[in-house]
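Shown next: entry35.pdb, containing PDB, C-alpha atoms.
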```pdb
ATOM      1  CA  MET A 202     118.783 163.222  16.061
ATOM      2  CA  THR A 203     118.678 163.773  12.300
ATOM      3  CA  GLU A 204     120.360 166.779  10.695
ATOM      4  CA  THR A 205     117.153 168.093   9.154
ATOM      5  CA  ALA A 206     115.064 167.963  12.326
ATOM      6  CA  VAL A 207     114.585 170.818  14.766
ATOM      7  CA  TYR A 208     114.047 169.669  18.356
ATOM      8  CA  ALA A 209     111.971 171.506  20.913
ATOM      9  CA  ALA A 210     110.232 170.861  24.224
ATOM     10  CA  GLY A 211     107.409 172.242  26.292
ATOM     11  CA  GLY A 212     104.547 171.303  28.534
ATOM     12  CA  VAL A 213     100.910 171.167  29.467
ATOM     13  CA  VAL A 214     101.035 173.426  32.524
ATOM     14  CA  TRP A 215      98.159 172.751  34.892
ATOM     15  CA  ARG A 216      96.714 173.691  38.263
ATOM     16  CA  VAL A 217      93.548 173.097  40.263
ATOM     17  CA  VAL A 218      91.545 176.224  41.155
ATOM     18  CA  GLU A 219      88.569 175.828  43.505
ATOM     19  CA  GLY A 220      88.434 172.145  42.676
ATOM     20  CA  LYS A 221      88.525 172.669  38.906
ATOM     21  CA  LEU A 222      91.382 171.715  36.603
ATOM     22  CA  ARG A 223      92.835 174.457  34.446
ATOM     23  CA  VAL A 224      95.573 174.381  31.805
ATOM     24  CA  LEU A 225      97.693 177.288  30.618
ATOM     25  CA  LEU A 226      97.800 178.417  26.989
ATOM     26  CA  ILE A 227      99.846 181.245  25.528
ATOM     27  CA  HIS A 228      98.758 183.927  23.054
ATOM     28  CA  ARG A 229     101.761 184.459  20.802
ATOM     29  CA  THR A 230     102.340 188.031  19.660
ATOM     30  CA  LYS A 231     103.847 187.425  16.221
ATOM     31  CA  TYR A 232     101.660 184.548  15.073
ATOM     32  CA  ARG A 233      98.413 185.671  16.730
ATOM     33  CA  ASP A 234      97.703 182.085  17.739
ATOM     34  CA  LEU A 235      96.908 180.140  20.881
ATOM     35  CA  THR A 236      99.247 177.289  21.721
ATOM     36  CA  LEU A 237     101.090 175.330  24.398
ATOM     37  CA  PRO A 238     104.310 176.789  25.829
ATOM     38  CA  LYS A 239     107.348 175.335  24.067
ATOM     39  CA  GLY A 240     110.624 176.276  22.439
ATOM     40  CA  LYS A 241     113.757 175.062  20.692
ATOM     41  CA  VAL A 242     116.596 173.249  22.423
ATOM     42  CA  ASP A 243     119.621 175.420  23.177
ATOM     43  CA  PRO A 244     123.101 174.001  22.515
ATOM     44  CA  GLY A 245     124.129 171.602  25.282
ATOM     45  CA  GLU A 246     120.608 171.342  26.716
ATOM     46  CA  THR A 247     118.599 168.199  27.229
ATOM     47  CA  LEU A 248     114.938 168.145  26.232
ATOM     48  CA  ALA A 249     113.859 168.139  29.880
ATOM     49  CA  GLU A 250     115.929 171.238  30.614
ATOM     50  CA  THR A 251     114.496 172.934  27.539
ATOM     51  CA  ALA A 252     110.923 172.247  28.615
ATOM     52  CA  VAL A 253     111.425 173.809  32.053
ATOM     53  CA  ARG A 254     113.312 176.817  30.674
ATOM     54  CA  GLU A 255     110.848 177.525  27.880
ATOM     55  CA  ILE A 256     107.836 177.250  30.180
ATOM     56  CA  ARG A 257     109.453 179.758  32.527
ATOM     57  CA  GLU A 258     110.440 182.130  29.720
ATOM     58  CA  GLU A 259     107.010 182.074  28.081
ATOM     59  CA  THR A 260     104.752 181.972  31.152
ATOM     60  CA  GLY A 261     106.933 183.301  33.978
ATOM     61  CA  ILE A 262     106.198 180.181  36.021
ATOM     62  CA  ARG A 263     108.796 177.818  37.478
ATOM     63  CA  VAL A 264     107.720 174.193  37.171
ATOM     64  CA  ALA A 265     109.055 170.692  37.684
ATOM     65  CA  LEU A 266     108.235 168.150  35.012
ATOM     66  CA  GLY A 267     105.745 165.383  35.578
ATOM     67  CA  VAL A 268     104.606 162.655  33.205
ATOM     68  CA  PRO A 269     105.558 162.840  29.513
ATOM     69  CA  VAL A 270     102.432 163.521  27.451
ATOM     70  CA  GLY A 271     103.592 162.957  23.912
ATOM     71  CA  VAL A 272     105.676 164.097  20.973
ATOM     72  CA  SER A 273     104.407 166.204  18.085
ATOM     73  CA  ARG A 274     105.975 166.230  14.627
ATOM     74  CA  TYR A 275     105.190 168.658  11.847
ATOM     75  CA  ARG A 276     106.741 170.215   8.779
ATOM     76  CA  MET A 277     107.994 173.779   9.105
ATOM     77  CA  PRO A 278     107.660 176.331   6.258
ATOM     78  CA  ASN A 279     111.362 175.869   5.460
ATOM     79  CA  GLY A 280     110.808 172.156   4.892
ATOM     80  CA  ARG A 281     112.507 170.939   8.068
ATOM     81  CA  THR A 282     110.703 168.687  10.520
ATOM     82  CA  LYS A 283     110.061 170.031  14.008
ATOM     83  CA  ILE A 284     109.862 167.458  16.806
ATOM     84  CA  VAL A 285     108.469 168.697  20.123
ATOM     85  CA  HIS A 286     108.506 166.687  23.371
ATOM     86  CA  TYR A 287     105.907 167.577  26.014
ATOM     87  CA  TRP A 288     105.499 166.886  29.732
ATOM     88  CA  ALA A 289     102.680 167.564  32.161
ATOM     89  CA  ALA A 290     103.846 170.234  34.600
ATOM     90  CA  GLU A 291     101.937 171.319  37.684
ATOM     91  CA  ALA A 292     101.999 175.012  38.533
ATOM     92  CA  THR A 293     101.957 175.239  42.311
ATOM     93  CA  ASP A 294     100.193 178.111  44.053
ATOM     94  CA  ALA A 295     103.587 179.467  45.123
ATOM     95  CA  ALA A 296     104.899 179.335  41.543
ATOM     96  CA  VAL A 297     101.835 181.169  40.236
ATOM     97  CA  ARG A 298     102.113 183.849  42.940
ATOM     98  CA  THR A 299     105.740 184.508  42.010
ATOM     99  CA  SER A 300     105.198 184.421  38.247
ATOM    100  CA  SER A 301     107.404 186.920  36.431
ATOM    101  CA  PHE A 302     105.228 187.114  33.298
ATOM    102  CA  VAL A 303     104.659 190.429  31.541
ATOM    103  CA  PRO A 304     103.422 190.777  27.943
ATOM    104  CA  ASN A 305     106.362 190.839  25.557
ATOM    105  CA  LYS A 306     107.340 190.630  21.883
ATOM    106  CA  GLU A 307     106.899 186.839  21.894
ATOM    107  CA  VAL A 308     103.923 186.228  24.208
ATOM    108  CA  ALA A 309     101.108 188.763  24.352
ATOM    109  CA  ALA A 310      99.118 187.027  27.094
ATOM    110  CA  ILE A 311      98.692 183.796  29.024
ATOM    111  CA  GLU A 312      95.303 182.282  29.791
ATOM    112  CA  TRP A 313      94.086 179.579  32.183
ATOM    113  CA  MET A 314      91.120 177.628  30.860
ATOM    114  CA  SER A 315      89.255 174.375  31.228
ATOM    115  CA  LEU A 316      90.327 171.366  29.196
ATOM    116  CA  LYS A 317      87.143 171.587  27.137
ATOM    117  CA  LYS A 318      87.701 175.228  26.287
ATOM    118  CA  ALA A 319      91.402 174.701  25.669
ATOM    119  CA  ARG A 320      90.687 171.908  23.201
ATOM    120  CA  LYS A 321      88.411 174.217  21.209
ATOM    121  CA  SER A 322      90.760 177.187  21.456
ATOM    122  CA  LEU A 323      94.109 175.680  20.428
ATOM    123  CA  SER A 324      95.202 176.815  16.987
ATOM    124  CA  TYR A 325      96.903 173.593  15.892
ATOM    125  CA  PRO A 326      95.742 169.959  15.674
ATOM    126  CA  VAL A 327      99.139 168.703  16.928
ATOM    127  CA  ASP A 328      98.565 170.608  20.176
ATOM    128  CA  VAL A 329      95.101 169.086  20.508
ATOM    129  CA  GLU A 330      96.652 165.611  20.251
ATOM    130  CA  ILE A 331      98.968 166.416  23.166
ATOM    131  CA  LEU A 332      96.040 167.745  25.179
ATOM    132  CA  ASP A 333      94.112 164.540  24.423
ATOM    133  CA  GLU A 334      96.911 162.484  25.996
ATOM    134  CA  PHE A 335      96.871 164.800  29.008
ATOM    135  CA  GLN A 336      93.086 164.342  29.219
ATOM    136  CA  ARG A 337      93.578 160.559  29.257
ATOM    137  CA  LEU A 338      95.877 160.849  32.270
ATOM    138  CA  VAL A 339      93.353 163.065  34.028
ATOM    139  CA  ASP A 340      90.554 160.598  33.327
ATOM    140  CA  GLU A 341      92.695 157.772  34.727
ATOM    141  CA  ARG A 342      93.407 159.834  37.865
ATOM    142  CA  ALA A 343      97.109 159.581  37.072
ATOM    143  CA  LEU A 344      97.849 163.189  38.031
ATOM    144  CA  PRO A 345      99.584 164.501  40.057
ATOM    145  CA  THR A 346     102.671 162.280  40.171
ATOM    146  CA  PHE A 347     105.996 162.250  41.979
ATOM    147  CA  PRO A 348     109.280 160.959  40.523
ATOM    148  CA  ILE A 349     111.540 158.262  41.903
ATOM    149  CA  VAL A 350     114.738 158.644  39.893
ATOM    150  CA  VAL A 351     116.988 155.604  39.587
ATOM    151  CA  LEU A 352     120.529 156.730  38.746
ATOM    152  CA  ARG A 353     123.525 154.631  37.779
ATOM    153  CA  HIS A 354     126.846 156.028  38.971
ATOM    154  CA  ALA A 355     129.025 157.868  36.449
ATOM    155  CA  LYS A 356     132.043 156.403  34.688
ATOM    156  CA  ALA A 357     134.469 154.986  37.257
ATOM    157  CA  ARG A 358     137.960 153.492  37.135
ATOM    158  CA  SER A 359     137.756 149.857  36.061
ATOM    159  CA  ARG A 360     138.357 147.105  38.582
ATOM    160  CA  ASP A 361     141.298 145.881  36.525
ATOM    161  CA  ASP A 362     143.021 149.265  36.839
ATOM    162  CA  TRP A 363     142.321 149.702  40.539
ATOM    163  CA  ASP A 364     144.339 148.115  43.352
ATOM    164  CA  GLY A 365     142.278 149.376  46.284
ATOM    165  CA  ALA A 366     138.981 148.245  47.740
ATOM    166  CA  ASP A 367     136.115 148.281  45.257
ATOM    167  CA  ASP A 368     133.929 150.619  47.316
ATOM    168  CA  VAL A 369     136.521 153.416  47.082
ATOM    169  CA  ARG A 370     137.046 153.079  43.332
ATOM    170  CA  PRO A 371     136.898 156.689  42.041
ATOM    171  CA  LEU A 372     135.263 158.348  39.071
ATOM    172  CA  THR A 373     137.293 158.991  35.954
ATOM    173  CA  PRO A 374     137.622 162.573  34.639
ATOM    174  CA  ARG A 375     134.770 161.779  32.247
ATOM    175  CA  GLY A 376     132.731 160.462  35.155
ATOM    176  CA  ARG A 377     133.236 163.710  37.031
ATOM    177  CA  ARG A 378     132.034 165.648  33.989
ATOM    178  CA  GLN A 379     129.016 163.359  33.744
ATOM    179  CA  SER A 380     128.111 163.962  37.385
ATOM    180  CA  GLN A 381     127.949 167.682  36.636
ATOM    181  CA  ALA A 382     126.126 167.253  33.326
ATOM    182  CA  ILE A 383     123.172 165.447  34.902
ATOM    183  CA  VAL A 384     122.454 168.188  37.450
ATOM    184  CA  GLY A 385     120.295 170.245  35.074
ATOM    185  CA  PRO A 386     118.200 167.317  33.824
ATOM    186  CA  LEU A 387     117.638 166.058  37.378
ATOM    187  CA  LEU A 388     116.621 169.526  38.554
ATOM    188  CA  ALA A 389     114.029 169.585  35.767
ATOM    189  CA  PHE A 390     112.126 166.828  37.589
ATOM    190  CA  GLY A 391     112.093 168.675  40.903
ATOM    191  CA  VAL A 392     114.100 166.201  42.982
ATOM    192  CA  ARG A 393     114.292 167.116  46.681
ATOM    193  CA  ARG A 394     116.351 164.322  48.220
ATOM    194  CA  VAL A 395     119.375 162.281  47.165
ATOM    195  CA  ILE A 396     120.036 158.784  48.519
ATOM    196  CA  SER A 397     123.165 156.912  47.479
ATOM    197  CA  SER A 398     125.048 153.700  47.922
ATOM    198  CA  PRO A 399     128.021 154.562  50.186
ATOM    199  CA  ALA A 400     130.466 153.504  47.454
ATOM    200  CA  GLU A 401     132.752 156.356  46.418
ATOM    201  CA  ARG A 402     131.667 156.266  42.761
ATOM    202  CA  CYS A 403     127.995 156.603  43.678
ATOM    203  CA  VAL A 404     128.525 159.305  46.271
ATOM    204  CA  ARG A 405     130.627 161.405  43.891
ATOM    205  CA  THR A 406     127.995 161.019  41.207
ATOM    206  CA  ALA A 407     125.241 162.102  43.597
ATOM    207  CA  THR A 408     127.075 164.993  45.273
ATOM    208  CA  PRO A 409     126.622 167.687  42.570
ATOM    209  CA  ILE A 410     122.830 167.296  42.411
ATOM    210  CA  ALA A 411     122.623 167.212  46.222
ATOM    211  CA  GLN A 412     124.605 170.441  46.398
ATOM    212  CA  ALA A 413     122.385 172.022  43.745
ATOM    213  CA  ILE A 414     119.273 171.457  45.871
ATOM    214  CA  GLY A 415     120.989 172.419  49.123
ATOM    215  CA  GLN A 416     120.905 168.914  50.592
ATOM    216  CA  ARG A 417     123.418 166.362  51.793
ATOM    217  CA  VAL A 418     123.698 162.952  50.189
ATOM    218  CA  GLN A 419     122.065 160.328  52.406
ATOM    219  CA  PHE A 420     123.757 156.934  52.444
ATOM    220  CA  SER A 421     122.032 153.567  52.195
ATOM    221  CA  ALA A 422     124.102 150.397  52.243
ATOM    222  CA  SER A 423     120.919 148.534  51.302
ATOM    223  CA  ILE A 424     121.429 149.537  47.650
ATOM    224  CA  SER A 425     125.206 149.059  47.530
ATOM    225  CA  GLN A 426     126.941 146.592  45.239
ATOM    226  CA  ASP A 427     128.858 145.073  48.161
ATOM    227  CA  ALA A 428     125.576 144.248  49.903
ATOM    228  CA  TRP A 429     124.113 142.933  46.651
ATOM    229  CA  GLU A 430     127.096 140.646  46.004
ATOM    230  CA  GLU A 431     126.917 139.345  49.569
ATOM    231  CA  GLY A 432     123.176 138.701  49.371
ATOM    232  CA  ARG A 433     122.231 141.267  52.011
ATOM    233  CA  ALA A 434     120.928 144.106  49.821
ATOM    234  CA  ASP A 435     117.478 145.368  50.717
ATOM    235  CA  ALA A 436     116.059 147.453  47.890
ATOM    236  CA  ARG A 437     112.542 146.599  49.096
ATOM    237  CA  SER A 438     112.794 148.575  52.333
ATOM    238  CA  VAL A 439     114.338 151.579  50.559
ATOM    239  CA  ILE A 440     111.677 151.601  47.859
ATOM    240  CA  GLY A 441     108.857 151.067  50.342
ATOM    241  CA  GLN A 442     109.940 154.113  52.323
ATOM    242  CA  ARG A 443     110.268 156.264  49.205
ATOM    243  CA  VAL A 444     106.848 155.306  47.859
ATOM    244  CA  ARG A 445     105.248 156.020  51.238
ATOM    245  CA  SER A 446     106.919 159.428  51.433
ATOM    246  CA  ARG A 447     105.526 160.513  48.029
ATOM    247  CA  LYS A 448     108.454 162.924  47.573
ATOM    248  CA  PRO A 449     110.745 163.369  44.540
ATOM    249  CA  VAL A 450     113.997 161.498  45.155
ATOM    250  CA  VAL A 451     117.161 160.287  43.423
ATOM    251  CA  LEU A 452     118.512 156.816  44.218
ATOM    252  CA  ALA A 453     122.145 156.476  43.113
ATOM    253  CA  SER A 454     123.274 152.885  42.798
ATOM    254  CA  HIS A 455     125.142 150.306  40.674
ATOM    255  CA  GLY A 456     124.404 148.542  37.403
ATOM    256  CA  PRO A 457     123.901 145.083  38.959
ATOM    257  CA  VAL A 458     121.562 146.477  41.647
ATOM    258  CA  LEU A 459     119.314 148.515  39.338
ATOM    259  CA  PRO A 460     117.140 145.591  38.143
ATOM    260  CA  ASP A 461     116.251 144.786  41.758
ATOM    261  CA  ILE A 462     115.393 148.430  42.444
ATOM    262  CA  LEU A 463     113.088 148.624  39.406
ATOM    263  CA  HIS A 464     111.523 145.270  40.271
ATOM    264  CA  GLU A 465     110.756 146.450  43.803
ATOM    265  CA  LEU A 466     109.301 149.678  42.432
ATOM    266  CA  ALA A 467     106.917 147.646  40.301
ATOM    267  CA  LEU A 468     105.916 145.479  43.263
ATOM    268  CA  ALA A 469     105.473 148.443  45.618
ATOM    269  CA  THR A 470     103.113 150.170  43.180
ATOM    270  CA  GLY A 471     101.155 147.136  42.019
ATOM    271  CA  THR A 472     102.569 147.453  38.512
ATOM    272  CA  MET A 473     102.624 144.521  36.107
ATOM    273  CA  SER A 474     106.113 143.293  35.295
ATOM    274  CA  GLY A 475     107.344 143.547  31.721
ATOM    275  CA  SER A 476     110.332 144.045  29.474
ATOM    276  CA  TYR A 477     110.117 147.789  30.121
ATOM    277  CA  LEU A 478     111.657 147.150  33.557
ATOM    278  CA  GLY A 479     114.714 145.636  31.944
ATOM    279  CA  SER A 480     115.060 148.578  29.591
ATOM    280  CA  ALA A 481     114.712 151.079  32.435
ATOM    281  CA  SER A 482     117.399 149.337  34.496
ATOM    282  CA  ALA A 483     119.905 148.700  31.678
ATOM    283  CA  LEU A 484     121.539 152.096  32.123
ATOM    284  CA  GLU A 485     124.826 153.449  30.853
ATOM    285  CA  PRO A 486     127.080 155.260  33.361
ATOM    286  CA  ALA A 487     125.388 158.431  34.691
ATOM    287  CA  ALA A 488     122.118 157.623  32.916
ATOM    288  CA  PHE A 489     118.897 157.652  34.921
ATOM    289  CA  SER A 490     115.315 156.452  34.667
ATOM    290  CA  VAL A 491     112.491 158.607  36.003
ATOM    291  CA  VAL A 492     109.652 156.519  37.432
ATOM    292  CA  HIS A 493     106.433 158.568  37.685
ATOM    293  CA  VAL A 494     104.151 157.383  40.495
ATOM    294  CA  PRO A 495     100.659 158.802  41.184
ATOM    295  CA  VAL A 496     100.595 160.817  44.413
ATOM    296  CA  GLU A 497      97.040 159.994  45.491
ATOM    297  CA  HIS A 498      97.084 156.307  44.595
ATOM    298  CA  PRO A 499     100.651 154.919  44.434
ATOM    299  CA  GLY A 500      99.253 151.392  44.416
ATOM    300  CA  ALA A 501      97.464 152.082  41.132
ATOM    301  CA  GLY A 502     100.714 151.480  39.276
ATOM    302  CA  ILE A 503     103.565 153.330  37.622
ATOM    303  CA  VAL A 504     102.205 155.930  35.202
ATOM    304  CA  ALA A 505     105.313 156.217  33.030
ATOM    305  CA  ILE A 506     109.056 155.589  32.959
ATOM    306  CA  GLU A 507     111.495 157.640  30.909
ATOM    307  CA  THR A 508     115.261 157.264  30.587
ATOM    308  CA  HIS A 509     117.829 160.031  30.112
ATOM    309  CA  GLU A 510     121.536 159.879  29.328
ATOM    310  CA  PRO A 511     124.224 162.498  30.086
ATOM    311  CA  GLN A 512     125.352 164.772  27.268
ATOM    312  CA  VAL A 513     129.020 163.956  27.977
TER     313      VAL A 513
END
```
Give the structure from this file in structure tokens form.
Amino acid sequence: MTETAVYAAGGVVWRVVEGKLRVLLIHRTKYRDLTLPKGKVDPGETLAETAVREIREETGIRVALGVPVGVSRYRMPNGRTKIVHYWAAEATDAAVRTSSFVPNKEVAAIEWMSLKKARKSLSYPVDVEILDEFQRLVDERALPTFPIVVLRHAKARSRDDWDGADDVRPLTPRGRRQSQAIVGPLLAFGVRRVISSPAERCVRTATPIAQAIGQRVQFSASISQDAWEEGRADARSVIGQRVRSRKPVVLASHGPVLPDILHELALATGTMSGSYLGSASALEPAAFSVVHVPVEHPGAGIVAIETHEPQV
């Protein structure tokens, strides 16, 4: 991040009403314009956390992030560059029913409209460009999606400094901080289940997010490093089950196992292999890659992959 840039995040919030797609725009009070919900990053926040928070603050609707739909850049009146990251975000019927929106000093009104009307109504060309990318995903039937999150365990004691069995090697103090720091970003993608290698370092990394969603960590030796080193790992069966379930999930595993997990995800979704798989699996401790898979047609291929690192 450069010193002169201001970072922000937001989303194209969407829902289907009586079979018709609608997106949500906000009427801002001060500027008297019509735009997409967004806002500046707070200290210590990740962009994904910012997007979810700002959408809730400006529209009253709780969302989980879907596919990234672009980045806008423009010059502010003070000369600084503003960089805004956007995600598609479905507003469920339950979220709309429990919306807390009331007109306020920042947002005078919110309005659901068709994509065609929204494109004509938006006040800024940079917003139209984001909506165009969203339109492309709609045309390709790539919405809605569900995330399969591939997580590398947080920083652990090195093998050289550990006398015990490798599978009980613990997290370092920094690793414990990392495991807490990734809770907010993972929550932003609406994860509902946490599956982990039974190794201590993976379980301890996965426990805080599992607790945050009121679930227990589920163990799978099929994605453990011990099984991988012994040639008995079975990422294929784990991935096959997760793709069939079509539910948001975190898979906590080890650096050497991650390439196999990403490879199996590509195979299970009919996705062409490429260097992007290597990039998505080459994770630092406590980093994670979010693999967005289309709900209706998982075999149509991965829609997008994005990688996030802990702020610790």
Apply the PyMOL selection byres ((chain A and resi 288-299) around 6) to the structure shown and report the selected residues as a VMD selection string.
chain A and resid 212 to 216 262 to 264 266 to 270 287 300
In file coordinates, which residues lie within 9 Å of (114.4, 159.8, 38.5) using only C-alpha atoms, given as a list in words?
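Residues with an atom close enough to that point: Pro348, Ile349, Val350, Val351, Leu352, Leu387, Phe390, Val392, Pro449, Val450, Val451, Leu452, Phe489, Ser490, Val491, Val492, His493, Ile506, Glu507 and Thr508 of chain A.
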Could you save the residues just selected, with C-alpha atoms, as a PDB file, keeping the file's coordinate frame?
```
ATOM      1  CA  PRO A 348     109.280 160.959  40.523  1.00  0.00           C
ATOM      2  CA  ILE A 349     111.540 158.262  41.903  1.00  0.00           C
ATOM      3  CA  VAL A 350     114.738 158.644  39.893  1.00  0.00           C
ATOM      4  CA  VAL A 351     116.988 155.604  39.587  1.00  0.00           C
ATOM      5  CA  LEU A 352     120.529 156.730  38.746  1.00  0.00           C
ATOM      6  CA  LEU A 387     117.638 166.058  37.378  1.00  0.00           C
ATOM      7  CA  PHE A 390     112.126 166.828  37.589  1.00  0.00           C
ATOM      8  CA  VAL A 392     114.100 166.201  42.982  1.00  0.00           C
ATOM      9  CA  PRO A 449     110.745 163.369  44.540  1.00  0.00           C
ATOM     10  CA  VAL A 450     113.997 161.498  45.155  1.00  0.00           C
ATOM     11  CA  VAL A 451     117.161 160.287  43.423  1.00  0.00           C
ATOM     12  CA  LEU A 452     118.512 156.816  44.218  1.00  0.00           C
ATOM     13  CA  PHE A 489     118.897 157.652  34.921  1.00  0.00           C
ATOM     14  CA  SER A 490     115.315 156.452  34.667  1.00  0.00           C
ATOM     15  CA  VAL A 491     112.491 158.607  36.003  1.00  0.00           C
ATOM     16  CA  VAL A 492     109.652 156.519  37.432  1.00  0.00           C
ATOM     17  CA  HIS A 493     106.433 158.568  37.685  1.00  0.00           C
ATOM     18  CA  ILE A 506     109.056 155.589  32.959  1.00  0.00           C
ATOM     19  CA  GLU A 507     111.495 157.640  30.909  1.00  0.00           C
ATOM     20  CA  THR A 508     115.261 157.264  30.587  1.00  0.00           C
TER      21      THR A 508
END
```
For a quick check of understanding, using all atoms listed in the file, which of A:Arg358, A:Arg405, A:Lys317, A:Lys239 has the smallest distance to Arg378 of chain A?
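Ranked by minimum distance to Arg378 of chain A, first place goes to A:Arg405.
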For Ala366 of chain A, which of A:Leu225, A:Ile503, A:Ala400, A:Leu388 is the closest residue, counting only C-alpha atoms?
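Looking at the shortest contact to Ala366 of chain A, the residue is A:Ala400.
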Test item: the PyMOL selection byres ((chain A and resi 407) around 7) resolved as a ChimeraX atom specification
/A:395,397,403-406,408-411,418,453
Please evaluate the PyMOL selection byres ((chain A and resi 309) around 8) against the displayed coordinates and give the resulting residues as a list of chain:residue names.
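Written out, the selection comes to A:Ile227, A:His228, A:Arg229, A:Thr230, A:Pro304, A:Asn305, A:Lys306, A:Glu307, A:Val308, A:Ala310, A:Ile311.
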Using all atoms listed in the file, which of the listed residues (A:Ser315, A:Leu323, A:Gly500, A:Ser380) sits closest to Lys221 of chain A?
A:Ser315
Mind giving me the straight-line distance from atom CA of His464 of chain A to atom CA of Leu478 of chain A in Å, one decimal?
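Distance reported for this atom pair: 7.0 Å.
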With all atoms listed in the file as the basis for distance, which of A:Glu334, A:Glu246, A:Glu259, A:Glu312 is at the shortest distance from Val272 of chain A?
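Ranking A:Glu334, A:Glu246, A:Glu259, A:Glu312 by distance to Val272 of chain A, first place goes to A:Glu334.
Take the candidates A:Ile414, A:Ala252, A:Ala467, A:Ala483 and check each one against Gly502 of chain A using all atoms listed in the file; the shortest distance goes to A:Ala467.
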Got a minute to add N, CA, C and O atoms to segment 389-402 of chain A and dump it as a PDB file, in the frame of the given file?
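selection_20.pdb written:
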```
ATOM      1  N   ALA A 389     115.255 169.406  36.552  1.00  0.00           N
ATOM      2  CA  ALA A 389     114.029 169.585  35.767  1.00  0.00           C
ATOM      3  C   ALA A 389     112.871 168.770  36.323  1.00  0.00           C
ATOM      4  O   ALA A 389     111.704 169.132  36.139  1.00  0.00           O
ATOM      5  N   PHE A 390     113.184 167.679  37.031  1.00  0.00           N
ATOM      6  CA  PHE A 390     112.126 166.828  37.589  1.00  0.00           C
ATOM      7  C   PHE A 390     111.850 167.129  39.068  1.00  0.00           C
ATOM      8  O   PHE A 390     111.105 166.399  39.723  1.00  0.00           O
ATOM      9  N   GLY A 391     112.438 168.196  39.569  1.00  0.00           N
ATOM     10  CA  GLY A 391     112.093 168.675  40.903  1.00  0.00           C
ATOM     11  C   GLY A 391     112.538 167.793  42.052  1.00  0.00           C
ATOM     12  O   GLY A 391     111.866 167.743  43.093  1.00  0.00           O
ATOM     13  N   VAL A 392     113.659 167.091  41.903  1.00  0.00           N
ATOM     14  CA  VAL A 392     114.100 166.201  42.982  1.00  0.00           C
ATOM     15  C   VAL A 392     114.404 167.008  44.245  1.00  0.00           C
ATOM     16  O   VAL A 392     114.901 168.123  44.175  1.00  0.00           O
ATOM     17  N   ARG A 393     114.105 166.419  45.400  1.00  0.00           N
ATOM     18  CA  ARG A 393     114.292 167.116  46.681  1.00  0.00           C
ATOM     19  C   ARG A 393     115.221 166.380  47.633  1.00  0.00           C
ATOM     20  O   ARG A 393     115.640 166.930  48.643  1.00  0.00           O
ATOM     21  N   ARG A 394     115.513 165.122  47.327  1.00  0.00           N
ATOM     22  CA  ARG A 394     116.351 164.322  48.220  1.00  0.00           C
ATOM     23  C   ARG A 394     117.226 163.407  47.390  1.00  0.00           C
ATOM     24  O   ARG A 394     116.813 162.961  46.313  1.00  0.00           O
ATOM     25  N   VAL A 395     118.436 163.137  47.885  1.00  0.00           N
ATOM     26  CA  VAL A 395     119.375 162.281  47.165  1.00  0.00           C
ATOM     27  C   VAL A 395     119.858 161.185  48.110  1.00  0.00           C
ATOM     28  O   VAL A 395     120.436 161.472  49.159  1.00  0.00           O
ATOM     29  N   ILE A 396     119.612 159.944  47.729  1.00  0.00           N
ATOM     30  CA  ILE A 396     120.036 158.784  48.519  1.00  0.00           C
ATOM     31  C   ILE A 396     121.002 157.975  47.670  1.00  0.00           C
ATOM     32  O   ILE A 396     120.739 157.723  46.489  1.00  0.00           O
ATOM     33  N   SER A 397     122.121 157.567  48.259  1.00  0.00           N
ATOM     34  CA  SER A 397     123.165 156.912  47.479  1.00  0.00           C
ATOM     35  C   SER A 397     123.734 155.705  48.197  1.00  0.00           C
ATOM     36  O   SER A 397     123.812 155.663  49.433  1.00  0.00           O
ATOM     37  N   SER A 398     124.157 154.733  47.403  1.00  0.00           N
ATOM     38  CA  SER A 398     125.048 153.700  47.922  1.00  0.00           C
ATOM     39  C   SER A 398     126.271 154.406  48.504  1.00  0.00           C
ATOM     40  O   SER A 398     126.708 155.432  47.977  1.00  0.00           O
ATOM     41  N   PRO A 399     126.851 153.899  49.597  1.00  0.00           N
ATOM     42  CA  PRO A 399     128.021 154.562  50.186  1.00  0.00           C
ATOM     43  C   PRO A 399     129.307 154.409  49.383  1.00  0.00           C
ATOM     44  O   PRO A 399     130.336 154.984  49.740  1.00  0.00           O
ATOM     45  N   ALA A 400     129.274 153.648  48.290  1.00  0.00           N
ATOM     46  CA  ALA A 400     130.466 153.504  47.454  1.00  0.00           C
ATOM     47  C   ALA A 400     130.899 154.864  46.908  1.00  0.00           C
ATOM     48  O   ALA A 400     130.055 155.686  46.524  1.00  0.00           O
ATOM     49  N   GLU A 401     132.195 155.076  46.854  1.00  0.00           N
ATOM     50  CA  GLU A 401     132.752 156.356  46.418  1.00  0.00           C
ATOM     51  C   GLU A 401     132.198 156.792  45.062  1.00  0.00           C
ATOM     52  O   GLU A 401     131.829 157.957  44.875  1.00  0.00           O
ATOM     53  N   ARG A 402     132.103 155.893  44.104  1.00  0.00           N
ATOM     54  CA  ARG A 402     131.667 156.266  42.761  1.00  0.00           C
ATOM     55  C   ARG A 402     130.218 156.722  42.726  1.00  0.00           C
ATOM     56  O   ARG A 402     129.849 157.576  41.913  1.00  0.00           O
TER      57      ARG A 402
END
```
